[in-house]
2 protein chains.
Amino acid sequence: MSESKKFILQEKDIPQAWFNIIPSMPVKPLPMLNPSTGEPLKAEDLYPLFSKEAADQEMNFSDSWIEIPEPVRELYKIWRPTPLVRARGLEKALDTPAHIYFKNESVSPVGSHKLNSAIPQAFYCKQQGVTNVTTETGAGQWGAALSMACKMFGLELAVYMVKISYNQKPYRRSIMQTYGAEVIASPSMSTRAGRDIITAHPNYQGSLGTAISEAVELAMSTPNCKYALGSVLNHVALHQTVIGLEAEKQMEMAGEYPDTVIGCFGGGSNFSGISFPFLRHNLHDGYKTRFIAAEPASCPKLTRGVFSYDYGDEAGYTPMIPMLTLGHNFSPANIHAGGLRYHGAGAVVSRLREDKIIDAVDIPQLESFNAATVFAKAEGIIPAPESAHAIAAAIREALSAKEAGEKKVILFNLSGHGLIDMTAYDRYFAGDLSNYEVPDSEIEANTASLKKI
Amino acid sequence: MSESKKFILQEKDIPQAWFNIIPSMPVKPLPMLNPSTGEPLKAEDLYPLFSKEAADQEMNFSDSWIEIPEPVRELYKIWRPTPLVRARGLEKALDTPAHIYFKNESVSPVGSHKLNSAIPQAFYCKQQGVTNVTTETGAGQWGAALSMACKMFGLELAVYMVKISYNQKPYRRSIMQTYGAEVIASPSMSTRAGRDIITAHPNYQGSLGTAISEAVELAMSTPNCKYALGSVLNHVALHQTVIGLEAEKQMEMAGEYPDTVIGCFGGGSNFSGISFPFLRHNLHDGYKTRFIAAEPASCPKLTRGVFSYDYGDEAGYTPMIPMLTLGHNFSPANIHAGGLRYHGAGAVVSRLREDKIIDAVDIPQLESFNAATVFAKAEGIIPAPESAHAIAAAIREALSAKEAGEKKVILFNLSGHGLIDMTAYDRYFAGDLSNYEVPDSEIEANTASLKKI
């Protein structure tokens with residue numbers, strides 16, 4: 001065990017290839033289905049929507065390693081490799097025998113891990129001659145990342161931003177505009193999906209599901225335009241594995257190996273990114289590391305969702321995805337971890353969860369902010385409200401190690417910083433936030449019509 | 001010359017000692033004077049106000065190297081060493097033969113270089129048994145840094161925040177509160193200086209000078225309490241030399257040496273930090289590097305100020321400092337680079353400027369935001385409005401190298417990111433910002449009563 005606080009890699013240590021977990025899975029994920037025919041989708045079916053390479057990666061069930069293109073690695077160098085940090089301050093604050101490490105993805109120029117996938121997705125569009133890209137964003141982390149990536153490759157980008165965030169999070173909107181992106185409050189009049197909702201509910205403040213519908217519609221109706229998604233899908237999780245691959249080398253530098261790996265969970269991208277590279281040693285080499293997805297108690301798809309084919313968006317434009325879902329019309333409580341307010345989990349994570357290969361915990365909002373504050377005071381970094389869920393789960397593990405008197409090695413992903421989320425902290429300190437437990441009846445109502453798998 | 005984009009050091013490369021430039025200066029800075037007696041100050045005279053060690057460092061004219069205490073290096077490890085980056089994107093955007101490098105201090109947890117001095121200042125207070133600390137903050141960068149540092153050492157902190165920033169920059173206020181600091185809008189009723197101003201001008205929105213007066217008054221009237229300042233003074237510049245010392249090693253890794261070194265300029269701390277370690281080779285080894293302080297055209301103390309003894313604050317509580325000054329009652333235009341809105345330059349920089357050892361340029365506000373936007377689109381990082389002045393100066397240099405067809409090596413300090421300053425960018429894009437050139441008459445009026453040196 002080293003005495004260092006941070007474990008620092010050089011640019012040459014940025015991985016050469018992403019790790020695709022699908023070939024290693026004991027049971028493969030089910031295919032996506034065409035919503036109109038019910039037929040399994042092939043990669044070609046996704047070509048109209050996504051870049052060809054992203055679509056191919058989405059359907060790649062055979063290659064464990066997929067090469068990272070050199071222009072993508074070049075741009076990764078803007079902030080990668082990211083540090084792995086031994087959280088000695090937090091260990092001391094908790095008085096735990098556990099060793100706690102975190103991978104610090106907050107050092108990216110947009111403040112989160114989202115760039116890891118934004119850059120390759122933009123690159124693949126550019127490579128095939130696409131000129132325009134669309135996407136949606138909730139809290140704005142993904143939109144900011146894709147704005148930066150598109151600017152780097154000279155692509156035009158239109159971002160549908162959930163209306164309530166557009167109004168309440170002007171900083172993230174300005175960040176996207178600074179990178180030259182067009183930002184539209186969703187629902188908008190620019191799409192049929194948006195117009196329909198505005199007509200029916202003039203004051204509707206938007207949702208991620210609606211924004212996805214709008215972005216997909218615009219991509220499908222605009223020449224030379226593709227759509228990009230920031231989580232949920234296999235190729236997004238794939239790109240995020242740079243996190244875990246770097247962390248694996250850094251844990252080696254620290255002379256330890258994690259007993260527990262933790263990521264917060266919205267659609268699955270940062271959890272997959274930190275976990276899958278370590279999980280491969282469970283699947284191939286008999287390691288016994290435990291993997292914990294930390295989701296908000298107000299959006300508990302992994303612990304209380306139904307395994308079923310469901311849409312990725314609200315209007316039902318996307319393929320049917322085999323997912324643990326709360327129903328695509330589920331409207332998550334307005335918690336401040338906007339990036340975790342999504343109804344379903346990606347196909348791979350859902351399969352792994354069904355097969356009990358990964359664990360999940362539900363974190364109440366107040367516990368997440370308490371954890372965030374303890375962490376900020378101990379480690380000096382104010383975490384994003386999303387990442388705070390991973391911290392809360394890590395604290396639970398560290399305290400149970402203390403109770404058991406066990407030395408345990410815990411690794412979590414700090415997916416982003418909270419410097420642009422201070423309104424949430426203000427409300428927490430003012431006592432304005434509350435917990436929200438979803439009633440069973442709400443989940444039942446939203447999933448009643450879904451066909452269980 | 002290396003092909004890398006970033007040059008990355010390990011924790012062991014964090015300097016063991018800060019570099020004190022005073023022993024190397026051909027003409028030493030004049031002493032500070034006691035404002036009531038007019039006598040030169042001794043270190044002991046500063047003990048009531050500052051920690052003993054900070055006061056001793058302030059007056060240290062003999063030691064070129066001052067050891068960095070181990071607990072300070074330990075906390076530096078939270079984010080140091082910071083990367084040195086070859087700005088290939090910016091070079092390409094400018095189509096210049098110049099090689100542009102920047103030291104990226106924006107990766108600190110509070111987003112700026114200010115932590116480099118906040119941590120040792122808090123440590124020295126803790127070491128001598130101080131329990132309470134006071135300071136002031138304008139835009140909030142220094143206040144956020146000292147809040148984090150004080151929390152790390154278990155010190156209570158009260159921050160006087162300029163009232164207009166307190167109301168307009170709630171995020172920075174919340175950051176300080178998250179670290180547990182008390183934040184008071186200045187002018188306040190808690191001090192005589194504050195009460196006097198509120199009584200005379202009930203709607204006064206505050207200034208850095210007033211906030212300093214309040215913080216100094218509180219420190220002097222509170223048992224076991226010291227005051228800490230984030231710029232201007234010798235010991236603050238000293239602590240910031242970690243920036244340049246790391247950059248020196250990293251330029252070596254890059255196989256180049258800077259022809260020009262640039263920092264933005266408020267009170268002098270980040271400019272001194274990046275410059276002094278390189279400047280020592282000019283002073284000792286005959287190197288010919290050019291040093292450029294980039295100040296806002298609306299606060300042009302280095303180019304148009306008067307070399308004179310002046311107060312550091314508005315109420316006249318501080319010692320008299322030998323400085324290039326616009327007068328301590330000078331009220332800088334309300335530009336968005338709040339950290340550069342200060343009337344004077346520190347004693348060392350003022351002396352170096354008088355002796356033509358360093359250069360200075362004035363950057364109009366619109367040029368700074370244009371440079372910031374070019375940089376963000378080329379390098380992916382949105383700079384703080386303060387740092388944008390250094391970028392603007394670097395762009396001027398790179399374009400003149402292009403005109404001359406010269407390969408030139410330019411290094412600047414990216415003192416912070418702008419993710420919490422997006423309101424300023426919004427206003428820039430909306431065309432709401434303007435330039436402000438200070439009329440000679442205003443400078444003359446404010447400096448008329450000062451005794452020139």
# chains A, B, ... in the order shown; residues from 1 in each chain; ligands from 1
>>> select_by_dssp(residues="range 25-161 of chain B", states="strand (DSSP E or B)", output="list of chain:residue names")
B:Leu33, B:Pro40, B:Trp65, B:Ile66, B:Glu67, B:Leu84, B:Val85, B:Arg86, B:His99, B:Ile100, B:Tyr101, B:Phe102, B:Lys103, B:Asn104, B:Ser112, B:Asn132, B:Val133, B:Thr134, B:Thr135, B:Glu136, B:Thr137, B:Glu156, B:Leu157, B:Ala158, B:Val159, B:Tyr160, B:Met161
>>> write_last_selection(atoms="C-alpha atoms", output="mmCIF file, in the first residue's frame")
data_model
loop_
_atom_site.group_PDB
_atom_site.id
_atom_site.type_symbol
_atom_site.label_atom_id
_atom_site.label_comp_id
_atom_site.auth_asym_id
_atom_site.auth_seq_id
_atom_site.Cartn_x
_atom_site.Cartn_y
_atom_site.Cartn_z
ATOM 1 C CA LEU B 33 5.068 51.949 6.702
ATOM 2 C CA PRO B 40 8.981 51.261 8.498
ATOM 3 C CA TRP B 65 13.808 29.305 -0.716
ATOM 4 C CA ILE B 66 11.253 28.783 2.017
ATOM 5 C CA GLU B 67 10.301 25.238 2.873
ATOM 6 C CA LEU B 84 0.902 22.020 -18.213
ATOM 7 C CA VAL B 85 -0.918 21.965 -21.542
ATOM 8 C CA ARG B 86 0.303 22.623 -25.061
ATOM 9 C CA HIS B 99 3.970 27.358 -29.473
ATOM 10 C CA ILE B 100 1.471 28.218 -26.786
ATOM 11 C CA TYR B 101 1.486 26.519 -23.389
ATOM 12 C CA PHE B 102 -0.739 27.099 -20.400
ATOM 13 C CA LYS B 103 -0.488 26.002 -16.808
ATOM 14 C CA ASN B 104 -3.943 24.771 -15.858
ATOM 15 C CA SER B 112 -8.721 28.605 -9.196
ATOM 16 C CA ASN B 132 -10.807 32.056 14.039
ATOM 17 C CA VAL B 133 -9.919 33.636 10.737
ATOM 18 C CA THR B 134 -11.392 36.540 8.777
ATOM 19 C CA THR B 135 -11.026 37.609 5.189
ATOM 20 C CA GLU B 136 -12.785 39.466 2.409
ATOM 21 C CA THR B 137 -13.722 38.331 -1.059
ATOM 22 C CA GLU B 156 -13.773 29.001 11.930
ATOM 23 C CA LEU B 157 -13.893 31.524 9.104
ATOM 24 C CA ALA B 158 -15.876 34.721 8.565
ATOM 25 C CA VAL B 159 -15.826 36.083 5.007
ATOM 26 C CA TYR B 160 -16.868 39.641 4.141
ATOM 27 C CA MET B 161 -18.183 39.381 0.606
#
>>> residues_around(residues="range 293-302 of chain B", least_positions_apart="5", cutoff="8 Å", atoms="only C-alpha atoms", output="ChimeraX atom specification")
/B:262-266,271,324-326,332-333,335,340-345,350,353,358-365,389-390,393,435-438
>>> closest_residue(among="A:Ile119, A:Ile164, A:Ala55, A:Ile453", to="chain B", atoms="only C-alpha atoms")
A:Ile119
>>> interface_residues(of="chain B", to="chain A", cutoff="8 Å", atoms="only C-alpha atoms", output="ChimeraX atom specification")
/B:4-6,8-11,74,77-78,85,107,109-110,148,151-152,171,174-175,178-180,373,376-382,419-423,425-426
>>> residues_around(residues="range 237-254 of chain B", least_positions_apart="4", cutoff="8 Å", atoms="only C-alpha atoms", output="PyMOL selection string")
chain B and resi 1-2+4+7-9+13-15+18-21+81-82+84+103+105+113+116-117+120+231-233+258+268-270+272-278
>>> closest_residue(among="A:Ala193, A:Ile184, A:Ala394, A:Val306", to="Ala445 in chain A", atoms="only C-alpha atoms")
A:Val306
>>> residues_around(residues="Leu366 in chain B", least_positions_apart="2", cutoff="9 Å", atoms="only C-alpha atoms", output="count of residues only")
10
>>> closest_residue(among="B:Val162, B:Leu49, B:Leu450, B:Met189", to="Tyr309 in chain B", atoms="only C-alpha atoms")
B:Leu450
>>> atom_distance(atom1="CA of Asn329 in chain B", atom2="CA of Glu314 in chain B")
5.9 Å
>>> residues_around(residues="Phe50 in chain A", least_positions_apart="5", cutoff="12 Å", atoms="only C-alpha atoms", output="ChimeraX atom specification")
/A:43-45,55-58,121-122,124-126,128,130,132-135,215-216,219-220,224-229,233,235-236,318
>>> write_last_selection(atoms="N, CA and C atoms", output="CSV table (one decimal), in the first residue's frame")
chain,number,residue,atom,x,y,z
A,43,ALA,N,-28.1,-3.8,-36.6
A,43,ALA,CA,-27.3,-2.5,-36.5
A,43,ALA,C,-27.8,-1.6,-37.6
A,44,GLU,N,-28.1,-2.1,-38.8
A,44,GLU,CA,-28.5,-1.3,-40.0
A,44,GLU,C,-29.8,-0.5,-39.6
A,45,ASP,N,-30.6,-1.1,-38.8
A,45,ASP,CA,-31.9,-0.4,-38.5
A,45,ASP,C,-31.6,0.8,-37.7
A,55,ALA,N,-23.9,2.7,-34.0
A,55,ALA,CA,-24.8,1.6,-34.2
A,55,ALA,C,-24.2,0.2,-34.2
A,56,ASP,N,-23.0,0.1,-34.9
A,56,ASP,CA,-22.3,-1.1,-34.9
A,56,ASP,C,-21.8,-1.5,-33.5
A,57,GLN,N,-21.3,-0.5,-32.8
A,57,GLN,CA,-20.9,-0.8,-31.5
A,57,GLN,C,-22.0,-1.3,-30.6
A,58,GLU,N,-23.2,-0.7,-30.8
A,58,GLU,CA,-24.4,-1.0,-30.0
A,58,GLU,C,-24.7,-2.5,-30.1
A,121,GLN,N,-18.7,9.9,-29.9
A,121,GLN,CA,-19.9,10.0,-30.7
A,121,GLN,C,-19.8,11.1,-31.7
A,122,ALA,N,-19.3,12.3,-31.3
A,122,ALA,CA,-19.1,13.4,-32.3
A,122,ALA,C,-18.1,13.0,-33.4
A,124,TYR,N,-17.4,10.0,-34.6
A,124,TYR,CA,-17.9,9.0,-35.6
A,124,TYR,C,-18.9,9.8,-36.5
A,125,CYS,N,-19.6,10.7,-36.0
A,125,CYS,CA,-20.5,11.5,-36.9
A,125,CYS,C,-19.6,12.3,-38.0
A,126,LYS,N,-18.6,12.9,-37.5
A,126,LYS,CA,-17.7,13.7,-38.3
A,126,LYS,C,-17.1,12.8,-39.4
A,128,GLN,N,-18.1,10.2,-40.8
A,128,GLN,CA,-19.0,9.7,-41.9
A,128,GLN,C,-19.6,10.9,-42.6
A,130,VAL,N,-21.3,13.5,-41.4
A,130,VAL,CA,-22.5,14.2,-40.8
A,130,VAL,C,-22.1,15.6,-40.5
A,132,ASN,N,-24.7,17.8,-38.8
A,132,ASN,CA,-25.6,18.3,-37.7
A,132,ASN,C,-25.9,17.1,-36.7
A,133,VAL,N,-26.0,17.5,-35.5
A,133,VAL,CA,-26.2,16.5,-34.4
A,133,VAL,C,-27.3,17.1,-33.5
A,134,THR,N,-28.2,16.2,-33.0
A,134,THR,CA,-29.2,16.6,-32.0
A,134,THR,C,-29.0,15.7,-30.8
A,135,THR,N,-29.4,16.3,-29.7
A,135,THR,CA,-29.5,15.5,-28.4
A,135,THR,C,-30.5,16.2,-27.5
A,215,ALA,N,-35.6,15.4,-29.8
A,215,ALA,CA,-34.3,15.3,-30.5
A,215,ALA,C,-34.3,14.3,-31.6
A,216,VAL,N,-34.9,13.1,-31.3
A,216,VAL,CA,-35.0,12.0,-32.2
A,216,VAL,C,-35.8,12.5,-33.5
A,219,ALA,N,-33.7,14.8,-35.6
A,219,ALA,CA,-32.6,14.1,-36.3
A,219,ALA,C,-33.2,13.3,-37.5
A,220,MET,N,-34.4,12.7,-37.3
A,220,MET,CA,-35.0,11.9,-38.4
A,220,MET,C,-35.5,12.8,-39.5
A,224,ASN,N,-28.7,14.9,-43.2
A,224,ASN,CA,-27.3,14.8,-42.8
A,224,ASN,C,-27.2,15.1,-41.3
A,225,CYS,N,-28.2,14.6,-40.5
A,225,CYS,CA,-28.2,14.8,-39.1
A,225,CYS,C,-28.3,13.5,-38.3
A,226,LYS,N,-27.6,13.4,-37.3
A,226,LYS,CA,-27.7,12.2,-36.4
A,226,LYS,C,-28.0,12.6,-35.0
A,227,TYR,N,-28.5,11.6,-34.3
A,227,TYR,CA,-28.8,11.8,-32.9
A,227,TYR,C,-27.8,11.2,-32.0
A,228,ALA,N,-27.5,11.7,-30.8
A,228,ALA,CA,-26.6,11.1,-29.9
A,228,ALA,C,-27.2,11.1,-28.5
A,229,LEU,N,-27.0,10.0,-27.8
A,229,LEU,CA,-27.6,9.8,-26.5
A,229,LEU,C,-26.4,9.7,-25.4
A,233,LEU,N,-27.5,3.3,-23.5
A,233,LEU,CA,-27.2,2.4,-24.5
A,233,LEU,C,-25.8,1.7,-24.3
A,235,HIS,N,-23.3,1.3,-26.4
A,235,HIS,CA,-22.0,2.0,-26.9
A,235,HIS,C,-21.6,3.1,-26.0
A,236,VAL,N,-22.6,3.7,-25.3
A,236,VAL,CA,-22.2,4.7,-24.3
A,236,VAL,C,-21.5,4.1,-23.1
A,318,THR,N,-38.4,5.6,-29.8
A,318,THR,CA,-37.2,4.8,-29.8
A,318,THR,C,-37.5,3.3,-29.9
>>> select_by_dssp(residues="range 124-232 of chain A", states="alpha helix (DSSP H)", output="NGL selection string")
:A and (124-127 or 141-152 or 163-168 or 170-178 or 192-200 or 208-221)
>>> atom_distance(atom1="CA of Pro48 in chain B", atom2="CA of Thr222 in chain B")
10.7 Å
>>> residues_around(residues="Ser188 in chain B", least_positions_apart="2", cutoff="9 Å", atoms="only C-alpha atoms", output="list in words")
Tyr160, Lys163, Ile184, Ala185, Ser186, Ser190, Thr191, Arg192, Ala193, Gly194, Arg195, Ile197, Ile198, Ala211 and Glu214 of chain B
>>> write_last_selection(atoms="C-alpha atoms", output="PDB file, in the first residue's frame")
ATOM      1  CA  TYR B 160     -16.868  39.641   4.141  1.00  0.00           C
ATOM      2  CA  LYS B 163     -22.469  43.059  -1.342  1.00  0.00           C
ATOM      3  CA  ILE B 184     -21.440  38.361   5.496  1.00  0.00           C
ATOM      4  CA  ALA B 185     -22.485  40.865   2.842  1.00  0.00           C
ATOM      5  CA  SER B 186     -20.207  43.899   3.051  1.00  0.00           C
ATOM      6  CA  SER B 190     -20.987  44.109  12.304  1.00  0.00           C
ATOM      7  CA  THR B 191     -18.073  46.552  12.126  1.00  0.00           C
ATOM      8  CA  ARG B 192     -17.539  50.241  12.623  1.00  0.00           C
ATOM      9  CA  ALA B 193     -16.164  50.564   9.070  1.00  0.00           C
ATOM     10  CA  GLY B 194     -19.289  48.897   7.716  1.00  0.00           C
ATOM     11  CA  ARG B 195     -21.718  50.873   9.891  1.00  0.00           C
ATOM     12  CA  ILE B 197     -20.492  53.463   5.226  1.00  0.00           C
ATOM     13  CA  ILE B 198     -24.045  52.138   5.535  1.00  0.00           C
ATOM     14  CA  ALA B 211     -14.623  44.473   2.772  1.00  0.00           C
ATOM     15  CA  GLU B 214     -14.319  45.095   7.805  1.00  0.00           C
TER      16      GLU B 214
END
>>> residues_around(residues="Gly327 in chain A", least_positions_apart="5", cutoff="7 Å", atoms="only C-alpha atoms", output="list in words")
Asp310, His343, Asn446 and Thr447 of chain A
>>> decode(residues="range 274-305 of chain A", atoms="N, CA and C atoms", output="PDB file, in the first residue's frame")
ATOM      1  N   ILE A 274     -17.067   2.656 -14.513  1.00  0.00           N
ATOM      2  CA  ILE A 274     -16.155   2.308 -13.415  1.00  0.00           C
ATOM      3  C   ILE A 274     -16.173   0.804 -13.150  1.00  0.00           C
ATOM      4  N   SER A 275     -17.313   0.137 -13.394  1.00  0.00           N
ATOM      5  CA  SER A 275     -17.478  -1.261 -12.953  1.00  0.00           C
ATOM      6  C   SER A 275     -16.978  -2.309 -13.928  1.00  0.00           C
ATOM      7  N   PHE A 276     -17.338  -2.177 -15.200  1.00  0.00           N
ATOM      8  CA  PHE A 276     -17.149  -3.301 -16.121  1.00  0.00           C
ATOM      9  C   PHE A 276     -15.700  -3.803 -16.197  1.00  0.00           C
ATOM     10  N   PRO A 277     -14.703  -2.904 -16.231  1.00  0.00           N
ATOM     11  CA  PRO A 277     -13.338  -3.423 -16.288  1.00  0.00           C
ATOM     12  C   PRO A 277     -12.980  -4.287 -15.074  1.00  0.00           C
ATOM     13  N   PHE A 278     -13.488  -3.937 -13.893  1.00  0.00           N
ATOM     14  CA  PHE A 278     -13.232  -4.779 -12.721  1.00  0.00           C
ATOM     15  C   PHE A 278     -14.110  -6.033 -12.758  1.00  0.00           C
ATOM     16  N   LEU A 279     -15.322  -5.866 -13.244  1.00  0.00           N
ATOM     17  CA  LEU A 279     -16.262  -6.993 -13.309  1.00  0.00           C
ATOM     18  C   LEU A 279     -15.720  -8.123 -14.195  1.00  0.00           C
ATOM     19  N   ARG A 280     -14.922  -7.757 -15.194  1.00  0.00           N
ATOM     20  CA  ARG A 280     -14.404  -8.810 -16.064  1.00  0.00           C
ATOM     21  C   ARG A 280     -13.561  -9.805 -15.275  1.00  0.00           C
ATOM     22  N   HIS A 281     -12.913  -9.337 -14.208  1.00  0.00           N
ATOM     23  CA  HIS A 281     -12.119 -10.273 -13.401  1.00  0.00           C
ATOM     24  C   HIS A 281     -13.023 -11.168 -12.550  1.00  0.00           C
ATOM     25  N   ASN A 282     -14.212 -10.689 -12.192  1.00  0.00           N
ATOM     26  CA  ASN A 282     -15.182 -11.592 -11.548  1.00  0.00           C
ATOM     27  C   ASN A 282     -15.615 -12.665 -12.546  1.00  0.00           C
ATOM     28  N   LEU A 283     -15.905 -12.219 -13.766  1.00  0.00           N
ATOM     29  CA  LEU A 283     -16.475 -13.144 -14.745  1.00  0.00           C
ATOM     30  C   LEU A 283     -15.432 -14.125 -15.295  1.00  0.00           C
ATOM     31  N   HIS A 284     -14.176 -13.646 -15.400  1.00  0.00           N
ATOM     32  CA  HIS A 284     -13.154 -14.493 -16.022  1.00  0.00           C
ATOM     33  C   HIS A 284     -12.221 -15.160 -15.016  1.00  0.00           C
ATOM     34  N   ASP A 285     -11.929 -14.465 -13.915  1.00  0.00           N
ATOM     35  CA  ASP A 285     -10.820 -14.905 -13.069  1.00  0.00           C
ATOM     36  C   ASP A 285     -11.270 -15.287 -11.657  1.00  0.00           C
ATOM     37  N   GLY A 286     -12.569 -15.349 -11.448  1.00  0.00           N
ATOM     38  CA  GLY A 286     -13.060 -15.794 -10.147  1.00  0.00           C
ATOM     39  C   GLY A 286     -12.934 -14.788  -9.016  1.00  0.00           C
ATOM     40  N   TYR A 287     -12.680 -13.513  -9.348  1.00  0.00           N
ATOM     41  CA  TYR A 287     -12.646 -12.493  -8.301  1.00  0.00           C
ATOM     42  C   TYR A 287     -14.039 -12.332  -7.699  1.00  0.00           C
ATOM     43  N   LYS A 288     -14.076 -11.773  -6.476  1.00  0.00           N
ATOM     44  CA  LYS A 288     -15.362 -11.691  -5.769  1.00  0.00           C
ATOM     45  C   LYS A 288     -15.751 -10.241  -5.447  1.00  0.00           C
ATOM     46  N   THR A 289     -15.289  -9.306  -6.243  1.00  0.00           N
ATOM     47  CA  THR A 289     -15.633  -7.909  -5.989  1.00  0.00           C
ATOM     48  C   THR A 289     -17.150  -7.717  -6.060  1.00  0.00           C
ATOM     49  N   ARG A 290     -17.643  -6.825  -5.170  1.00  0.00           N
ATOM     50  CA  ARG A 290     -19.072  -6.525  -5.169  1.00  0.00           C
ATOM     51  C   ARG A 290     -19.289  -5.202  -5.911  1.00  0.00           C
ATOM     52  N   PHE A 291     -20.321  -5.141  -6.739  1.00  0.00           N
ATOM     53  CA  PHE A 291     -20.610  -3.941  -7.526  1.00  0.00           C
ATOM     54  C   PHE A 291     -21.954  -3.377  -7.090  1.00  0.00           C
ATOM     55  N   ILE A 292     -21.936  -2.089  -6.734  1.00  0.00           N
ATOM     56  CA  ILE A 292     -23.157  -1.480  -6.206  1.00  0.00           C
ATOM     57  C   ILE A 292     -23.541  -0.269  -7.053  1.00  0.00           C
ATOM     58  N   ALA A 293     -24.738  -0.335  -7.647  1.00  0.00           N
ATOM     59  CA  ALA A 293     -25.294   0.824  -8.341  1.00  0.00           C
ATOM     60  C   ALA A 293     -26.126   1.601  -7.336  1.00  0.00           C
ATOM     61  N   ALA A 294     -25.813   2.902  -7.184  1.00  0.00           N
ATOM     62  CA  ALA A 294     -26.511   3.728  -6.193  1.00  0.00           C
ATOM     63  C   ALA A 294     -27.512   4.618  -6.906  1.00  0.00           C
ATOM     64  N   GLU A 295     -28.793   4.249  -6.785  1.00  0.00           N
ATOM     65  CA  GLU A 295     -29.822   5.027  -7.474  1.00  0.00           C
ATOM     66  C   GLU A 295     -30.616   5.837  -6.455  1.00  0.00           C
ATOM     67  N   PRO A 296     -31.326   6.883  -6.900  1.00  0.00           N
ATOM     68  CA  PRO A 296     -32.125   7.658  -5.953  1.00  0.00           C
ATOM     69  C   PRO A 296     -33.381   6.871  -5.558  1.00  0.00           C
ATOM     70  N   ALA A 297     -33.772   6.984  -4.300  1.00  0.00           N
ATOM     71  CA  ALA A 297     -34.960   6.277  -3.816  1.00  0.00           C
ATOM     72  C   ALA A 297     -36.210   6.738  -4.572  1.00  0.00           C
ATOM     73  N   SER A 298     -36.124   7.913  -5.171  1.00  0.00           N
ATOM     74  CA  SER A 298     -37.291   8.440  -5.894  1.00  0.00           C
ATOM     75  C   SER A 298     -37.382   7.896  -7.321  1.00  0.00           C
ATOM     76  N   CYS A 299     -36.383   7.122  -7.747  1.00  0.00           N
ATOM     77  CA  CYS A 299     -36.382   6.608  -9.119  1.00  0.00           C
ATOM     78  C   CYS A 299     -35.736   5.219  -9.119  1.00  0.00           C
ATOM     79  N   PRO A 300     -36.377   4.264  -8.427  1.00  0.00           N
ATOM     80  CA  PRO A 300     -35.727   3.004  -8.062  1.00  0.00           C
ATOM     81  C   PRO A 300     -35.893   1.891  -9.082  1.00  0.00           C
ATOM     82  N   LYS A 301     -35.433   2.118 -10.322  1.00  0.00           N
ATOM     83  CA  LYS A 301     -35.679   1.081 -11.339  1.00  0.00           C
ATOM     84  C   LYS A 301     -34.949  -0.220 -11.061  1.00  0.00           C
ATOM     85  N   LEU A 302     -33.725  -0.140 -10.495  1.00  0.00           N
ATOM     86  CA  LEU A 302     -32.950  -1.374 -10.324  1.00  0.00           C
ATOM     87  C   LEU A 302     -33.461  -2.225  -9.161  1.00  0.00           C
ATOM     88  N   THR A 303     -34.051  -1.574  -8.169  1.00  0.00           N
ATOM     89  CA  THR A 303     -34.513  -2.339  -7.009  1.00  0.00           C
ATOM     90  C   THR A 303     -36.006  -2.641  -7.076  1.00  0.00           C
ATOM     91  N   ARG A 304     -36.768  -1.799  -7.778  1.00  0.00           N
ATOM     92  CA  ARG A 304     -38.207  -1.999  -7.748  1.00  0.00           C
ATOM     93  C   ARG A 304     -38.838  -1.970  -9.136  1.00  0.00           C
ATOM     94  N   GLY A 305     -38.002  -1.839 -10.169  1.00  0.00           N
ATOM     95  CA  GLY A 305     -38.533  -1.796 -11.524  1.00  0.00           C
ATOM     96  C   GLY A 305     -38.933  -3.177 -12.028  1.00  0.00           C
TER      97      GLY A 305
END
